[in-house]
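Step one of this worksheet: look at the structure below.
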Amino acid sequence: MMQRVLTVRLARLFTLDKFSPRIGPAVANMSTLLIQQPQYSWLKELDLHEDNAGVYNGCWGGTGEVITSYCPANNEPIARVRQATMAEYEETVQKALDAWKVWADVPAPKRGEIVRQIGDALRVKIKALGSLVSLEMGKIYVEGVGEVQEYVDVCDYAVGLSRMIGGPILPSERPGHALIEQWNPVGLVGIITAFNFPVAVYGWNNALALICGNVCLWKGAPSTPLTSVAVSKIVAEVLEKNNLPGAICSMTCGGADIGTAMAGDERVGLLSFTGSTHVGKQVAMTVQERFGRQLLELGGNNAIIVFEDADLSLVVPSAVFASVGTAGQRCTTTRRLILHESVHDEVVAKLTKAYKQIRMGDPWDPNTLYGPLHTKQAVEQYLSAIDQAKQQGGTLVCGGKVVERPGNYVEPTIITGLPHDAPIVHTETFVPILYVLKFKTEEEAFAWNNEVKQGLSSSIFTRDMGRVFRWLGPKGSDCGIVNVNIPTSGAEIGGAFGGEKHTGGGRESGSDSWKQYMRRSTCTINYSKDLPLAQGIKFE
């Protein structure tokens with residue numbers, strides 16, 4: 001009964017999540033599709049068409065609902081995708097499990113070679129794929145290309161890792177015995193990704209899951225289905241060229257029904273979910289109900305703290321990049337800027353000047369630094385948050401308006417004067433609004449950083465080395481990413497990415513994140529002719 005209640009609730013939340021698709025007609029008139037216009041002919045380089053199959057399990061298919069992908073910069077339809085039915089989901093899971101029987105027998109370094117080829121294939125298409133991310137998600141072109149580069153980089157990382165993963169040989173207290181750790185794949189890894197990083201997050205999971213011996217089932221965001229299709233076609237070509245089952249990297253485009261099925265499916269050995277804290281909580285409950293394994297990458301209400309001794313020539317560009325980049329739609333976006341009272345006014349003045357110089361425009365224009373929000377719903381959330389901030393005592397210093405032009409454009413916004421614990425300050429709103437707070441002491445600044453429910457990314461700007469190590473220590477930041485003299489966003493792939501508290505606790509990409517994609521066994525081997533027991537126990 002509990003499982004059924006959770007499943008129904010989760011389906012509703014998937015539909016209402018901030019990562020849900022734009023609301024629009026299910027099928028756009030063929031003559032209006034951007035893919036048919038000459039300036040978008042490069043989409044054909046990614047083997048995209050007016051109508052695209054949204055299921056891949058070694059074969060392309062999809063007979064479910066037809067959805068239209070829209071460009072956030074002008075709200076015009078790009079192309080259409082046929083989503084998976086529940087029957088096709090079941091077929092895909094079974095084919096992925098069958099493919100695992102082949103893939104698990106491939107030695108890890110050989111699996112690494114396949115991942116290397118995937119990275120090389122992405123390099124060949126990096127400009128076209130980066131342009132698609134820009135067109136469909138709305139982030140600027142250089143960020144779109146940079147996101148594909150993250151997938152490439154993690155492929156390179158995973159290739160080396162494929163020759164290094166494993167457990168230690170431990171000392172046994174019994175003579176003639178060996179004690180070892182054995183790591184094995186979990187089997188099928190389900191990957192649910194969000195609209196804001198439609199390539200990179202899949203790449204972090206996919207590359208590591210593959211070298212660990214797993215197969216993958218990917219459900220991308222319903223509002224970026226073309227990116228999911230294009231990436232899957234690149235990966236599928238590599239698998240097919242090596243005579244491997246394509247279902248090793250399966251994909252099902254779909255909505256709440258597919259996501260809910262993955263969360264409740266006992267055949268999914270690990271479910272990696274990227275999305276809002278609200279939906280992530282329900283995903284966690286559904287997976288835990290079946291004692292499954294989950295990897296959660298959820299919200300972040302990230303802060304930069306600027307002390308009186310900070311180098312302001314680093315602070316201003318860092319704050320601008322971290323608060324305005326991707327139009328405030330990164331999970332690591334800086335949403336709170338906590339300034340020492342002695343530098344508050346100077347930093348706010350410099351930030352305001354910088355904000356007014358930000359070049360807004362079409363995201364695929366190389367000169368653009370700031371593009372649109374992903375959906376019209378996000379524009380409404382932006383306006384609502386500004387109204388709430390004003391009602392709670394905030395002062396609008398810069399921005400605050402919807403831009404009168406096609407697409408989902410809003411002005412990047414700075415708000416000062418709010419209490420550090422104002423409800424809106426403690427609310428993660430996925431838009432470019434920066435709340436500037438004023439503090440007196442190190443103790444209260446650290447406390448303000450930690451008082452929000454999320455614990456993803458954090459940063460301080462200071463020259464005081466004692467303060468740096470207090471920040472890194474047990475009484476400092478409680479976040480998963482703790483920076484000094486750099487922004488909250490822009491994490492490298494070599495470190496583990498993820499956060500604490502309501503951010504979910506998951507870790508992806510570097511360090512020992514690979515362990516989440518494997519199960520550990522402690523193995524004791526008796527190579528003697530005796531049978532001594534542990535702890536010196538005699539049983540005679």
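Residues are named by chain letter and number: chains run A, B, ... in the order of the structure tokens, numbers start at 1 in each chain, and ligands are numbered from 1 in the order shown.
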Exercise. Within 12 Å of Asp387 in chain A, counting only C-alpha atoms, which residues qualify if same-chain residues fewer than 4 places away don't, as a PyMOL selection string?
Worked result: chain A and resi 380-383+391-396+400-401+415+424+433
Filtering to C-alpha atoms, could you give me those residues as a PDB file, in the first residue's frame?
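Dumped to selection08.pdb:
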ATOM      1  CA  GLU A 380       6.650  33.542 -13.580  1.00  0.00           C
ATOM      2  CA  GLN A 381       8.784  32.182 -10.721  1.00  0.00           C
ATOM      3  CA  TYR A 382      11.217  35.062 -11.254  1.00  0.00           C
ATOM      4  CA  LEU A 383       8.474  37.677 -10.940  1.00  0.00           C
ATOM      5  CA  GLN A 391       7.239  42.309   0.648  1.00  0.00           C
ATOM      6  CA  GLN A 392       9.839  40.922   3.047  1.00  0.00           C
ATOM      7  CA  GLY A 393      11.859  44.155   3.126  1.00  0.00           C
ATOM      8  CA  GLY A 394      14.225  43.825   0.183  1.00  0.00           C
ATOM      9  CA  THR A 395      15.426  46.706  -1.995  1.00  0.00           C
ATOM     10  CA  LEU A 396      15.664  46.198  -5.750  1.00  0.00           C
ATOM     11  CA  GLY A 400      13.679  43.021 -11.767  1.00  0.00           C
ATOM     12  CA  LYS A 401      11.892  43.140 -15.116  1.00  0.00           C
ATOM     13  CA  ILE A 415      18.307  42.656  -4.105  1.00  0.00           C
ATOM     14  CA  ILE A 424      12.664  34.116   0.219  1.00  0.00           C
ATOM     15  CA  ILE A 433      18.269  36.757  -8.541  1.00  0.00           C
TER      16      ILE A 433
END
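Near Gly417 in chain A, within 12 Å and counting only C-alpha atoms, sit Leu337, Ile338, Leu339, His344, Asp345, Val348, Ala389, Lys390, Gln391, Gln392, Gly393, Gly394, Thr395, Leu396, Val397, Ile414, His420, Asp421, Ala422, Val425, Leu434, Tyr435, Val436, Leu437, Lys438 and Phe439 of chain A; same-chain residues fewer than 3 positions away were not included.
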For this session: Measuring atom to atom with only C-alpha atoms, identify which of A:Thr277, A:Ser41, A:Gln516, A:Gln357 is nearest to Gly300 in chain A.
Result: A:Thr277
For this session: From a DSSP pass on the backbone, collect the residues of range 365-514 of chain A flagged as strand (DSSP E) and hand them back as a PyMOL selection string.
Result: chain A and resi 395-398+413-416+433-439+454-455+457-461+481-484+496-497+500-501+508-509
For this session: Using only C-alpha atoms, determine which residues lie at most 9 Å from Thr32 in chain A, disregarding the query and same-chain residues fewer than 4 positions distant; provide the list as a count of residues only.
Result: 6
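In this comparison, which uses only C-alpha atoms, the residue of A:Arg80, A:Lys127, A:Arg293, A:His278 approaching Lys453 in chain A most closely is A:His278.
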Exercise. To one decimal place, how far is CA of Glu173 in chain A from CA of Ile525 in chain A in Å?
Worked result: 12.2 Å
Exercise. Among range 309-501 of chain A, which ones does DSSP place in helix (DSSP H, G or I), written as an MDAnalysis selection string?
Worked result: chainID A and resid 312:328 344:355 376:391 442:450 465:472
For this session: Show which residues sit within 8 Å of Asp362 in chain A, as a list of chain:residue names. Count only C-alpha atoms, and ignore same-chain residues fewer than 4 positions away.
Result: A:Ala73, A:Ile140, A:Thr368, A:Gly371
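When only C-alpha atoms are used to measure the gap to Phe195 in chain A, the shortest distance among A:Pro72, A:Gly213, A:Pro317, A:Pro412 belongs to A:Pro72.
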Exercise. Which polymer residues have any atom within 10 Å of an atom of Gly499 in chain A, counting only C-alpha atoms, with same-chain residues fewer than 6 positions away left out, as a PyMOL selection string?
Worked result: chain A and resi 296-300+454-457+478-482+505-507
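Residue nearest Gly167 in chain A, chosen from A:Val410, A:Arg111, A:Arg520, A:Thr462 and counting only C-alpha atoms: A:Arg520.
Atom to atom, CA of Val379 in chain A and CA of Gly275 in chain A stand 18.4 Å apart.
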Against range 319-336 of chain A, which residues of range 465-497 of chain A fall within 6 Å? For each one I want the closest pair of atoms and the distance in Å (one decimal), counting only C-alpha atoms, rows by chain and increasing residue number, as JSON lines.
{"residue": "A:Pro487", "atom": "CA", "partner": "A:Ala322", "partner_atom": "CA", "distance": 5.9}
{"residue": "A:Thr488", "atom": "CA", "partner": "A:Thr332", "partner_atom": "CA", "distance": 5.9}
{"residue": "A:Ser489", "atom": "CA", "partner": "A:Thr332", "partner_atom": "CA", "distance": 4.9}
Filtering to C-alpha atoms, could you give me those residues as a PDB file, in the first residue's frame?
ATOM      1  CA  PRO A 487      33.070  31.112  -7.313  1.00  0.00           C
ATOM      2  CA  THR A 488      30.547  28.507  -6.210  1.00  0.00           C
ATOM      3  CA  SER A 489      30.096  27.236  -9.784  1.00  0.00           C
TER       4      SER A 489
END
Exercise. CA of Tyr527 in chain A to CA of Asn184 in chain A: how many Å, to one decimal?
Worked result: 23.0 Å
